[in-house]
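File shown here: work06.pdb, holding PDB, C-alpha atoms.
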ATOM      1  CA  ALA A   1      17.467  14.622 -17.916  1.00  0.00           C
ATOM      2  CA  GLN A   2      15.630  12.923 -15.112  1.00  0.00           C
ATOM      3  CA  SER A   3      13.350   9.907 -15.406  1.00  0.00           C
ATOM      4  CA  VAL A   4      11.217   7.599 -13.310  1.00  0.00           C
ATOM      5  CA  THR A   5      10.563   3.888 -13.633  1.00  0.00           C
ATOM      6  CA  GLN A   6       7.619   2.255 -11.926  1.00  0.00           C
ATOM      7  CA  LEU A   7       7.857  -1.515 -11.788  1.00  0.00           C
ATOM      8  CA  GLY A   8       4.526  -3.241 -12.140  1.00  0.00           C
ATOM      9  CA  SER A   9       1.763  -1.555 -14.081  1.00  0.00           C
ATOM     10  CA  HIS A  10      -0.802  -3.504 -12.061  1.00  0.00           C
ATOM     11  CA  VAL A  11      -0.577  -4.561  -8.424  1.00  0.00           C
ATOM     12  CA  SER A  12      -3.242  -6.521  -6.611  1.00  0.00           C
ATOM     13  CA  VAL A  13      -3.406  -6.924  -2.831  1.00  0.00           C
ATOM     14  CA  SER A  14      -5.929  -8.224  -0.343  1.00  0.00           C
ATOM     15  CA  GLU A  15      -7.654  -5.822   1.987  1.00  0.00           C
ATOM     16  CA  GLY A  16      -5.517  -5.490   5.116  1.00  0.00           C
ATOM     17  CA  ALA A  17      -2.323  -6.556   3.354  1.00  0.00           C
ATOM     18  CA  LEU A  18       0.821  -4.510   2.873  1.00  0.00           C
ATOM     19  CA  VAL A  19       0.901  -2.226  -0.133  1.00  0.00           C
ATOM     20  CA  LEU A  20       4.268  -1.783  -1.861  1.00  0.00           C
ATOM     21  CA  LEU A  21       4.511   0.244  -5.057  1.00  0.00           C
ATOM     22  CA  ARG A  22       7.970   0.571  -6.549  1.00  0.00           C
ATOM     23  CA  CYS A  23       9.595   3.666  -7.997  1.00  0.00           C
ATOM     24  CA  ASN A  24      13.162   4.124  -9.160  1.00  0.00           C
ATOM     25  CA  TYR A  25      14.502   7.403 -10.439  1.00  0.00           C
ATOM     26  CA  SER A  26      17.376   8.624 -12.512  1.00  0.00           C
ATOM     27  CA  SER A  27      18.810  12.091 -12.008  1.00  0.00           C
ATOM     28  CA  SER A  28      22.254  13.634 -12.280  1.00  0.00           C
ATOM     29  CA  VAL A  29      21.416  16.227  -9.626  1.00  0.00           C
ATOM     30  CA  PRO A  30      19.574  15.920  -6.306  1.00  0.00           C
ATOM     31  CA  PRO A  31      15.976  15.006  -7.086  1.00  0.00           C
ATOM     32  CA  TYR A  32      12.710  16.027  -5.551  1.00  0.00           C
ATOM     33  CA  LEU A  33      10.316  13.092  -5.554  1.00  0.00           C
ATOM     34  CA  PHE A  34       6.539  12.928  -5.437  1.00  0.00           C
ATOM     35  CA  TRP A  35       3.784  10.347  -5.296  1.00  0.00           C
ATOM     36  CA  TYR A  36       0.407  11.289  -6.746  1.00  0.00           C
ATOM     37  CA  VAL A  37      -2.824   9.285  -6.731  1.00  0.00           C
ATOM     38  CA  GLN A  38      -5.505   9.424  -9.400  1.00  0.00           C
ATOM     39  CA  TYR A  39      -8.997   8.133  -8.678  1.00  0.00           C
ATOM     40  CA  PRO A  40     -11.277   7.393 -11.641  1.00  0.00           C
ATOM     41  CA  ASN A  41     -12.383  10.524 -13.484  1.00  0.00           C
ATOM     42  CA  GLN A  42     -10.452  12.777 -11.143  1.00  0.00           C
ATOM     43  CA  GLY A  43      -7.258  14.793 -11.270  1.00  0.00           C
ATOM     44  CA  LEU A  44      -3.973  13.958  -9.611  1.00  0.00           C
ATOM     45  CA  GLN A  45      -3.779  14.360  -5.852  1.00  0.00           C
ATOM     46  CA  LEU A  46      -0.504  14.620  -3.968  1.00  0.00           C
ATOM     47  CA  LEU A  47       0.093  11.781  -1.504  1.00  0.00           C
ATOM     48  CA  LEU A  48       3.540  12.826  -0.298  1.00  0.00           C
ATOM     49  CA  LYS A  49       6.818  14.349  -1.385  1.00  0.00           C
ATOM     50  CA  TYR A  50      10.498  14.242  -0.575  1.00  0.00           C
ATOM     51  CA  THR A  51      12.528  17.411  -0.944  1.00  0.00           C
ATOM     52  CA  THR A  52      15.324  17.435   1.643  1.00  0.00           C
ATOM     53  CA  GLY A  53      15.853  16.261   5.206  1.00  0.00           C
ATOM     54  CA  ALA A  54      14.255  13.157   6.646  1.00  0.00           C
ATOM     55  CA  THR A  55      14.307  10.354   4.108  1.00  0.00           C
ATOM     56  CA  LEU A  56      11.155   8.676   5.415  1.00  0.00           C
ATOM     57  CA  VAL A  57       8.190  10.827   4.509  1.00  0.00           C
ATOM     58  CA  LYS A  58       4.635  10.336   5.611  1.00  0.00           C
ATOM     59  CA  GLY A  59       1.670  11.315   3.532  1.00  0.00           C
ATOM     60  CA  ILE A  60      -2.074  11.253   3.531  1.00  0.00           C
ATOM     61  CA  ASN A  61      -4.237   8.165   3.983  1.00  0.00           C
ATOM     62  CA  GLY A  62      -1.533   6.238   5.870  1.00  0.00           C
ATOM     63  CA  PHE A  63       0.968   6.117   3.022  1.00  0.00           C
ATOM     64  CA  GLU A  64       4.682   6.648   3.430  1.00  0.00           C
ATOM     65  CA  ALA A  65       7.766   6.466   1.240  1.00  0.00           C
ATOM     66  CA  GLU A  66      11.474   6.255   1.862  1.00  0.00           C
ATOM     67  CA  PHE A  67      14.088   8.023  -0.233  1.00  0.00           C
ATOM     68  CA  LYS A  68      17.088   5.739  -0.697  1.00  0.00           C
ATOM     69  CA  LYS A  69      19.827   7.509  -2.604  1.00  0.00           C
ATOM     70  CA  SER A  70      22.064   4.434  -2.777  1.00  0.00           C
ATOM     71  CA  GLU A  71      19.281   2.477  -4.460  1.00  0.00           C
ATOM     72  CA  THR A  72      17.847   5.460  -6.391  1.00  0.00           C
ATOM     73  CA  SER A  73      14.451   4.419  -5.091  1.00  0.00           C
ATOM     74  CA  PHE A  74      11.373   6.028  -3.600  1.00  0.00           C
ATOM     75  CA  HIS A  75       8.987   3.132  -2.945  1.00  0.00           C
ATOM     76  CA  LEU A  76       5.504   3.805  -1.612  1.00  0.00           C
ATOM     77  CA  THR A  77       4.110   1.673   1.205  1.00  0.00           C
ATOM     78  CA  LYS A  78       1.044   1.336   3.347  1.00  0.00           C
ATOM     79  CA  PRO A  79       0.856  -1.266   6.132  1.00  0.00           C
ATOM     80  CA  SER A  80      -2.765  -2.222   5.605  1.00  0.00           C
ATOM     81  CA  ALA A  81      -4.662  -1.769   2.352  1.00  0.00           C
ATOM     82  CA  HIS A  82      -8.222  -0.511   2.291  1.00  0.00           C
ATOM     83  CA  MET A  83     -10.734  -0.893  -0.492  1.00  0.00           C
ATOM     84  CA  SER A  84     -10.708   2.880  -0.942  1.00  0.00           C
ATOM     85  CA  ASP A  85      -7.008   2.746  -1.883  1.00  0.00           C
ATOM     86  CA  ALA A  86      -7.864   1.275  -5.270  1.00  0.00           C
ATOM     87  CA  ALA A  87      -6.594   3.870  -7.749  1.00  0.00           C
ATOM     88  CA  GLU A  88      -3.699   4.651 -10.052  1.00  0.00           C
ATOM     89  CA  TYR A  89      -0.483   5.829  -8.425  1.00  0.00           C
ATOM     90  CA  PHE A  90       2.149   7.928 -10.128  1.00  0.00           C
ATOM     91  CA  CYS A  91       5.698   8.578  -9.036  1.00  0.00           C
ATOM     92  CA  ALA A  92       7.247  11.816 -10.312  1.00  0.00           C
ATOM     93  CA  VAL A  93      10.580  13.603 -10.154  1.00  0.00           C
ATOM     94  CA  THR A  94      11.724  17.160 -10.606  1.00  0.00           C
ATOM     95  CA  VAL A  95      14.925  19.070 -10.037  1.00  0.00           C
ATOM     96  CA  THR A  96      15.884  22.657  -9.367  1.00  0.00           C
ATOM     97  CA  GLY A  97      16.004  24.950 -12.365  1.00  0.00           C
ATOM     98  CA  GLY A  98      13.830  23.021 -14.773  1.00  0.00           C
ATOM     99  CA  GLY A  99      10.769  25.237 -14.682  1.00  0.00           C
ATOM    100  CA  ASN A 100       9.306  22.926 -12.046  1.00  0.00           C
ATOM    101  CA  LYS A 101       8.645  20.333 -14.714  1.00  0.00           C
ATOM    102  CA  LEU A 102       7.387  17.055 -13.210  1.00  0.00           C
ATOM    103  CA  THR A 103       8.494  13.901 -15.001  1.00  0.00           C
ATOM    104  CA  PHE A 104       6.076  11.092 -14.301  1.00  0.00           C
ATOM    105  CA  GLY A 105       6.372   7.339 -14.339  1.00  0.00           C
ATOM    106  CA  THR A 106       3.934   5.192 -16.258  1.00  0.00           C
ATOM    107  CA  GLY A 107       1.769   4.609 -13.213  1.00  0.00           C
ATOM    108  CA  THR A 108       0.723   1.585 -11.170  1.00  0.00           C
ATOM    109  CA  GLN A 109      -2.901   0.547 -10.981  1.00  0.00           C
ATOM    110  CA  LEU A 110      -3.613  -0.749  -7.480  1.00  0.00           C
ATOM    111  CA  LYS A 111      -6.444  -3.223  -7.042  1.00  0.00           C
ATOM    112  CA  VAL A 112      -7.625  -4.144  -3.553  1.00  0.00           C
ATOM    113  CA  GLU A 113      -9.546  -7.377  -3.173  1.00  0.00           C
ATOM    114  CA  LEU A 114     -11.693  -8.648  -0.320  1.00  0.00           C
TER     115      LEU A 114
ATOM    116  CA  GLU B   1     -10.236  23.852   0.277  1.00  0.00           C
ATOM    117  CA  PRO B   2      -9.194  25.810  -2.809  1.00  0.00           C
ATOM    118  CA  GLU B   3      -8.941  23.777  -5.992  1.00  0.00           C
ATOM    119  CA  VAL B   4      -7.970  24.087  -9.623  1.00  0.00           C
ATOM    120  CA  THR B   5     -10.948  24.007 -11.963  1.00  0.00           C
ATOM    121  CA  GLN B   6     -11.032  23.262 -15.682  1.00  0.00           C
ATOM    122  CA  THR B   7     -13.614  23.750 -18.393  1.00  0.00           C
ATOM    123  CA  PRO B   8     -14.965  22.037 -20.341  1.00  0.00           C
ATOM    124  CA  SER B   9     -14.708  18.562 -18.899  1.00  0.00           C
ATOM    125  CA  HIS B  10     -14.969  17.081 -22.387  1.00  0.00           C
ATOM    126  CA  GLN B  11     -14.343  18.735 -25.739  1.00  0.00           C
ATOM    127  CA  VAL B  12     -14.940  17.127 -29.104  1.00  0.00           C
ATOM    128  CA  THR B  13     -13.535  18.834 -32.179  1.00  0.00           C
ATOM    129  CA  GLN B  14     -12.802  18.197 -35.826  1.00  0.00           C
ATOM    130  CA  MET B  15      -9.233  17.830 -37.036  1.00  0.00           C
ATOM    131  CA  GLY B  16      -7.810  21.183 -38.046  1.00  0.00           C
ATOM    132  CA  GLN B  17     -10.028  23.198 -35.734  1.00  0.00           C
ATOM    133  CA  GLU B  18      -8.767  25.452 -32.982  1.00  0.00           C
ATOM    134  CA  VAL B  19      -9.560  24.635 -29.364  1.00  0.00           C
ATOM    135  CA  ILE B  20      -9.087  26.583 -26.166  1.00  0.00           C
ATOM    136  CA  LEU B  21      -8.937  24.759 -22.878  1.00  0.00           C
ATOM    137  CA  ARG B  22      -9.593  26.844 -19.816  1.00  0.00           C
ATOM    138  CA  CYS B  23      -8.303  26.625 -16.273  1.00  0.00           C
ATOM    139  CA  VAL B  24      -8.785  28.634 -13.115  1.00  0.00           C
ATOM    140  CA  PRO B  25      -5.738  28.097 -10.897  1.00  0.00           C
ATOM    141  CA  ILE B  26      -5.787  28.481  -7.132  1.00  0.00           C
ATOM    142  CA  SER B  27      -6.078  32.204  -6.485  1.00  0.00           C
ATOM    143  CA  ASN B  28      -2.791  32.982  -4.714  1.00  0.00           C
ATOM    144  CA  HIS B  29      -0.672  30.699  -6.894  1.00  0.00           C
ATOM    145  CA  LEU B  30       1.932  32.167  -9.201  1.00  0.00           C
ATOM    146  CA  TYR B  31       3.126  29.169 -11.256  1.00  0.00           C
ATOM    147  CA  PHE B  32       0.871  27.474 -13.768  1.00  0.00           C
ATOM    148  CA  TYR B  33       1.286  24.309 -15.813  1.00  0.00           C
ATOM    149  CA  TRP B  34      -0.269  22.178 -18.500  1.00  0.00           C
ATOM    150  CA  TYR B  35       0.237  18.432 -18.721  1.00  0.00           C
ATOM    151  CA  ARG B  36      -1.410  15.862 -20.932  1.00  0.00           C
ATOM    152  CA  GLN B  37      -2.107  12.146 -20.698  1.00  0.00           C
ATOM    153  CA  ILE B  38      -2.791  10.190 -23.859  1.00  0.00           C
ATOM    154  CA  LEU B  39      -5.009   7.213 -23.097  1.00  0.00           C
ATOM    155  CA  GLY B  40      -2.953   4.416 -21.603  1.00  0.00           C
ATOM    156  CA  GLN B  41       0.236   6.469 -21.451  1.00  0.00           C
ATOM    157  CA  LYS B  42       2.075   8.470 -18.828  1.00  0.00           C
ATOM    158  CA  VAL B  43       1.327  12.029 -17.812  1.00  0.00           C
ATOM    159  CA  GLU B  44       3.555  14.351 -19.872  1.00  0.00           C
ATOM    160  CA  PHE B  45       4.651  17.901 -19.124  1.00  0.00           C
ATOM    161  CA  LEU B  46       3.754  20.486 -21.740  1.00  0.00           C
ATOM    162  CA  VAL B  47       4.569  23.915 -20.344  1.00  0.00           C
ATOM    163  CA  SER B  48       5.090  25.973 -17.207  1.00  0.00           C
ATOM    164  CA  PHE B  49       4.211  29.665 -16.936  1.00  0.00           C
ATOM    165  CA  TYR B  50       5.376  32.259 -14.434  1.00  0.00           C
ATOM    166  CA  ASN B  51       5.269  36.019 -14.315  1.00  0.00           C
ATOM    167  CA  ASN B  52       3.359  36.184 -17.592  1.00  0.00           C
ATOM    168  CA  GLU B  53       5.838  34.210 -19.607  1.00  0.00           C
ATOM    169  CA  ILE B  54       6.719  30.631 -20.390  1.00  0.00           C
ATOM    170  CA  SER B  55       9.246  29.264 -17.911  1.00  0.00           C
ATOM    171  CA  GLU B  56       9.827  25.887 -19.498  1.00  0.00           C
ATOM    172  CA  LYS B  57       8.297  23.919 -22.356  1.00  0.00           C
ATOM    173  CA  SER B  58       8.639  20.405 -23.669  1.00  0.00           C
ATOM    174  CA  GLU B  59       9.328  19.287 -27.206  1.00  0.00           C
ATOM    175  CA  ILE B  60       5.612  18.471 -27.495  1.00  0.00           C
ATOM    176  CA  PHE B  61       4.778  22.144 -27.054  1.00  0.00           C
ATOM    177  CA  ASP B  62       5.395  23.260 -30.629  1.00  0.00           C
ATOM    178  CA  ASP B  63       4.085  26.261 -32.566  1.00  0.00           C
ATOM    179  CA  GLN B  64       0.590  24.787 -32.599  1.00  0.00           C
ATOM    180  CA  PHE B  65       0.317  25.347 -28.860  1.00  0.00           C
ATOM    181  CA  SER B  66       0.115  28.595 -26.933  1.00  0.00           C
ATOM    182  CA  VAL B  67      -0.743  29.615 -23.396  1.00  0.00           C
ATOM    183  CA  GLU B  68      -2.167  32.807 -22.038  1.00  0.00           C
ATOM    184  CA  ARG B  69      -3.185  34.396 -18.789  1.00  0.00           C
ATOM    185  CA  PRO B  70      -5.902  36.671 -20.232  1.00  0.00           C
ATOM    186  CA  ASP B  71      -7.003  38.074 -16.889  1.00  0.00           C
ATOM    187  CA  GLY B  72      -6.303  37.689 -13.196  1.00  0.00           C
ATOM    188  CA  SER B  73      -7.968  34.318 -12.837  1.00  0.00           C
ATOM    189  CA  ASN B  74      -7.886  32.279 -16.041  1.00  0.00           C
ATOM    190  CA  PHE B  75      -5.078  30.337 -17.666  1.00  0.00           C
ATOM    191  CA  THR B  76      -5.681  28.953 -21.138  1.00  0.00           C
ATOM    192  CA  LEU B  77      -4.128  26.444 -23.503  1.00  0.00           C
ATOM    193  CA  LYS B  78      -4.810  26.978 -27.196  1.00  0.00           C
ATOM    194  CA  ILE B  79      -4.208  24.406 -29.883  1.00  0.00           C
ATOM    195  CA  ARG B  80      -4.375  26.183 -33.247  1.00  0.00           C
ATOM    196  CA  SER B  81      -4.982  23.312 -35.636  1.00  0.00           C
ATOM    197  CA  THR B  82      -5.807  20.095 -33.861  1.00  0.00           C
ATOM    198  CA  LYS B  83      -4.473  16.735 -35.008  1.00  0.00           C
ATOM    199  CA  LEU B  84      -5.786  13.278 -34.226  1.00  0.00           C
ATOM    200  CA  GLU B  85      -2.779  12.698 -31.978  1.00  0.00           C
ATOM    201  CA  ASP B  86      -3.772  15.660 -29.805  1.00  0.00           C
ATOM    202  CA  SER B  87      -6.579  13.532 -28.374  1.00  0.00           C
ATOM    203  CA  ALA B  88      -5.751  13.235 -24.691  1.00  0.00           C
ATOM    204  CA  MET B  89      -6.692  14.309 -21.187  1.00  0.00           C
ATOM    205  CA  TYR B  90      -5.233  17.740 -20.514  1.00  0.00           C
ATOM    206  CA  PHE B  91      -4.479  18.663 -16.922  1.00  0.00           C
ATOM    207  CA  CYS B  92      -3.901  22.141 -15.611  1.00  0.00           C
ATOM    208  CA  ALA B  93      -1.926  22.576 -12.407  1.00  0.00           C
ATOM    209  CA  SER B  94      -0.765  25.441 -10.243  1.00  0.00           C
ATOM    210  CA  SER B  95       1.733  25.953  -7.447  1.00  0.00           C
ATOM    211  CA  ILE B  96       2.282  28.757  -5.019  1.00  0.00           C
ATOM    212  CA  GLY B  97       5.664  29.660  -6.496  1.00  0.00           C
ATOM    213  CA  LEU B  98       7.543  30.370  -3.284  1.00  0.00           C
ATOM    214  CA  ALA B  99       9.914  27.405  -3.170  1.00  0.00           C
ATOM    215  CA  GLY B 100      10.211  26.576  -6.837  1.00  0.00           C
ATOM    216  CA  SER B 101      10.598  22.926  -7.660  1.00  0.00           C
ATOM    217  CA  THR B 102       9.694  21.723  -4.160  1.00  0.00           C
ATOM    218  CA  ASP B 103       6.290  23.398  -4.216  1.00  0.00           C
ATOM    219  CA  THR B 104       3.347  21.056  -4.498  1.00  0.00           C
ATOM    220  CA  GLN B 105       1.577  21.234  -7.831  1.00  0.00           C
ATOM    221  CA  TYR B 106      -2.203  21.052  -7.484  1.00  0.00           C
ATOM    222  CA  PHE B 107      -3.968  19.471 -10.412  1.00  0.00           C
ATOM    223  CA  GLY B 108      -7.371  20.107 -11.881  1.00  0.00           C
ATOM    224  CA  PRO B 109      -9.770  17.317 -12.902  1.00  0.00           C
ATOM    225  CA  GLY B 110      -8.750  17.538 -16.548  1.00  0.00           C
ATOM    226  CA  THR B 111     -10.356  18.209 -19.922  1.00  0.00           C
ATOM    227  CA  ARG B 112     -10.733  15.237 -22.211  1.00  0.00           C
ATOM    228  CA  LEU B 113     -10.069  16.384 -25.759  1.00  0.00           C
ATOM    229  CA  THR B 114     -11.272  14.161 -28.578  1.00  0.00           C
ATOM    230  CA  VAL B 115     -10.184  15.053 -32.103  1.00  0.00           C
ATOM    231  CA  LEU B 116     -12.210  13.403 -34.883  1.00  0.00           C
TER     232      LEU B 116
END
Same coordinates, now as structure tokens:
Amino acid sequence: AQSVTQLGSHVSVSEGALVLLRCNYSSSVPPYLFWYVQYPNQGLQLLLKYTTGATLVKGINGFEAEFKKSETSFHLTKPSAHMSDAAEYFCAVTVTGGGNKLTFGTGTQLKVEL
Amino acid sequence: EPEVTQTPSHQVTQMGQEVILRCVPISNHLYFYWYRQILGQKVEFLVSFYNNEISEKSEIFDDQFSVERPDGSNFTLKIRSTKLEDSAMYFCASSIGLAGSTDTQYFGPGTRLTVL
């Protein structure tokens, strides 16, 4: 079975600073990896996903993530944080043949300070 | 932009009562899902549904739970006899169903279920 670990349940950055949210996965078969964002009182919105091909994927709102198989990681980054980035971020994994089941990490709450 | 909608946004029920949570997936999507998030915990997969049958279900999805596509637009989750531990935010999602696991799942805003 696949799993995801997100290090740091809370991350705080200054506006304009680099955002780095960590995600490590475990899977015995090639994974498909996703980052979702959840704003207060809203559903989950896809930021980006890795399926195959280029390991550096770009998403919405200036976010990107790099799939590193050797490190089993899929960390999310953004060069310059904005106040509107404050939200909860979830990393998720799925594999072929599992009914498209997404397995989520525990989430990282991002706080952006002035 | 098309979106997944869910009703009601908040449901309060007494323990032992039946509840039905409703979802309208994106119209041309073929795969439907239910997930739940207990307060302070991770989002958990419950069930996926394709071609009018369950594709995959988790160990959480026991005999107390059922799903149905009663017509061409709605997708429902029924909990027959609610327990206190069923209190959670329930998310419906849908995906287009063309590329399987790599398809993006689009989530609704959720229904907060409170069991008293």
**Neighbours of chain B in chain A at 8 Å, counting all atoms listed in the file, as a list in words** =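 Result, ordered by chain then number: Tyr32, Asn41, Gln42, Gly43, Leu44, Gln45, Leu46, Thr51, Thr94, Val95, Thr96, Gly97, Gly98, Gly99, Asn100, Lys101, Leu102, Thr103, Phe104, Gly105, Thr106 and Gly107 of chain A.
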Between CA of Gln2 in chain A and CA of Glu53 in chain B lies a distance of 23.9 Å
task = Calculate how many Å separate CA of Ser26 in chain A from CA of Glu85 in chain B, rounding to one decimal.
result =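 Atom-to-atom, CA of Ser26 in chain A to CA of Glu85 in chain B, that is 28.3 Å.
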Point-to-point distance from CA of Pro25 in chain B to CA of Pro31 in chain A, Å rounded to tenths: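 CA of Pro25 in chain B sits 25.6 Å away from CA of Pro31 in chain A.
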Tell me which protein, DNA and RNA residues are within 7 Å of Leu47 in chain A, counting all atoms listed in the file, leaving out same-chain ones fewer than 4 positions away, and put them as number ranges by chain.
A: 35-37, 59-60
If the PyMOL selection byres ((chain B and resi 59-70) around 7) were run on this exact file, what residues would it hold? Put them as a PyMOL selection string. chain B and resi 46-47+52+57-58+71+74-81
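Matched in the shown structure by the PyMOL selection byres ((chain A and resi 109) around 7): Ser9, His10, Val11, Ala87, Glu88, Tyr89, Gly107, Thr108, Leu110 and Lys111 of chain A.
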Legend entry - Local residues around (10.0, 4.8, -5.7), at most 6 Å away, using all atoms listed in the file, as a ChimeraX atom specification: /A:22-24,73-75
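With distances taken over all atoms listed in the file, B:Val12 is the one residue among B:Ile20, B:Ser94, B:Val12, B:Thr7 lying closest to Leu113 in chain B.
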### Resolved residues for the PyMOL selection byres ((chain B and resi 82) around 9) as an MDAnalysis selection string
chainID B and resid 13:19 64 79:81 83:87 115
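Restricting the calculation to all atoms listed in the file, the smallest distance between Ala86 in chain A and any of A:Val112, A:Leu20, A:Val13, A:Ala1 is found for A:Val112.
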Quiz prompt | Residue with smallest distance to Glu71 in chain A - pool A:Tyr25, A:Thr55, A:Tyr39, A:Leu48, counting all atoms listed in the file | solution =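 Among A:Tyr25, A:Thr55, A:Tyr39, A:Leu48, it is A:Tyr25 that comes nearest to Glu71 in chain A.
Residues in contact with Lys78 in chain A at up to 6 Å, not including ones fewer than 2 positions away on its chain and judged by all atoms listed in the file, are A:Leu18, A:Val19, A:Phe63, A:Ser80.
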What does the file look like for those residues with C-alpha atoms, as a compact mmCIF listing (two decimals), in the frame of the given file?
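What follows is the written file out_4.txt:
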# COMPACT_ATOMS: atom_id res chain seq x y z
CA LEU A 18 0.82 -4.51 2.87
CA VAL A 19 0.90 -2.23 -0.13
CA PHE A 63 0.97 6.12 3.02
CA SER A 80 -2.76 -2.22 5.60
Which polymer residues have any atom within 6 Å of an atom of Glu64 in chain A, counting only C-alpha atoms, with same-chain residues fewer than 2 positions away left out, as a PyMOL selection string?
chain A and resi 57-59+76-77
Around range 9-22 of chain A, with edges along x, y and z and 5 Å added on all six sides, what centre and edge lengths do you get, in Å to one decimal, as lines of an AutoDock Vina configuration file?
center_x = 0.2
center_y = -3.8
center_z = -4.5
size_x = 25.6
size_y = 18.8
size_z = 29.2
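Using all atoms listed in the file, the shortest contact distance between Leu7 in chain A and any of A:Ala81, A:Leu56, A:Val29, A:Cys91 is found at A:Cys91.
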- request: Using only C-alpha atoms, find the one residue out of A:Ser12, A:Ser3, A:Ser70, A:Thr52 that sits nearest to Glu113 in chain A.
  value: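 Smallest separation from Glu113 in chain A among the options: A:Ser12.
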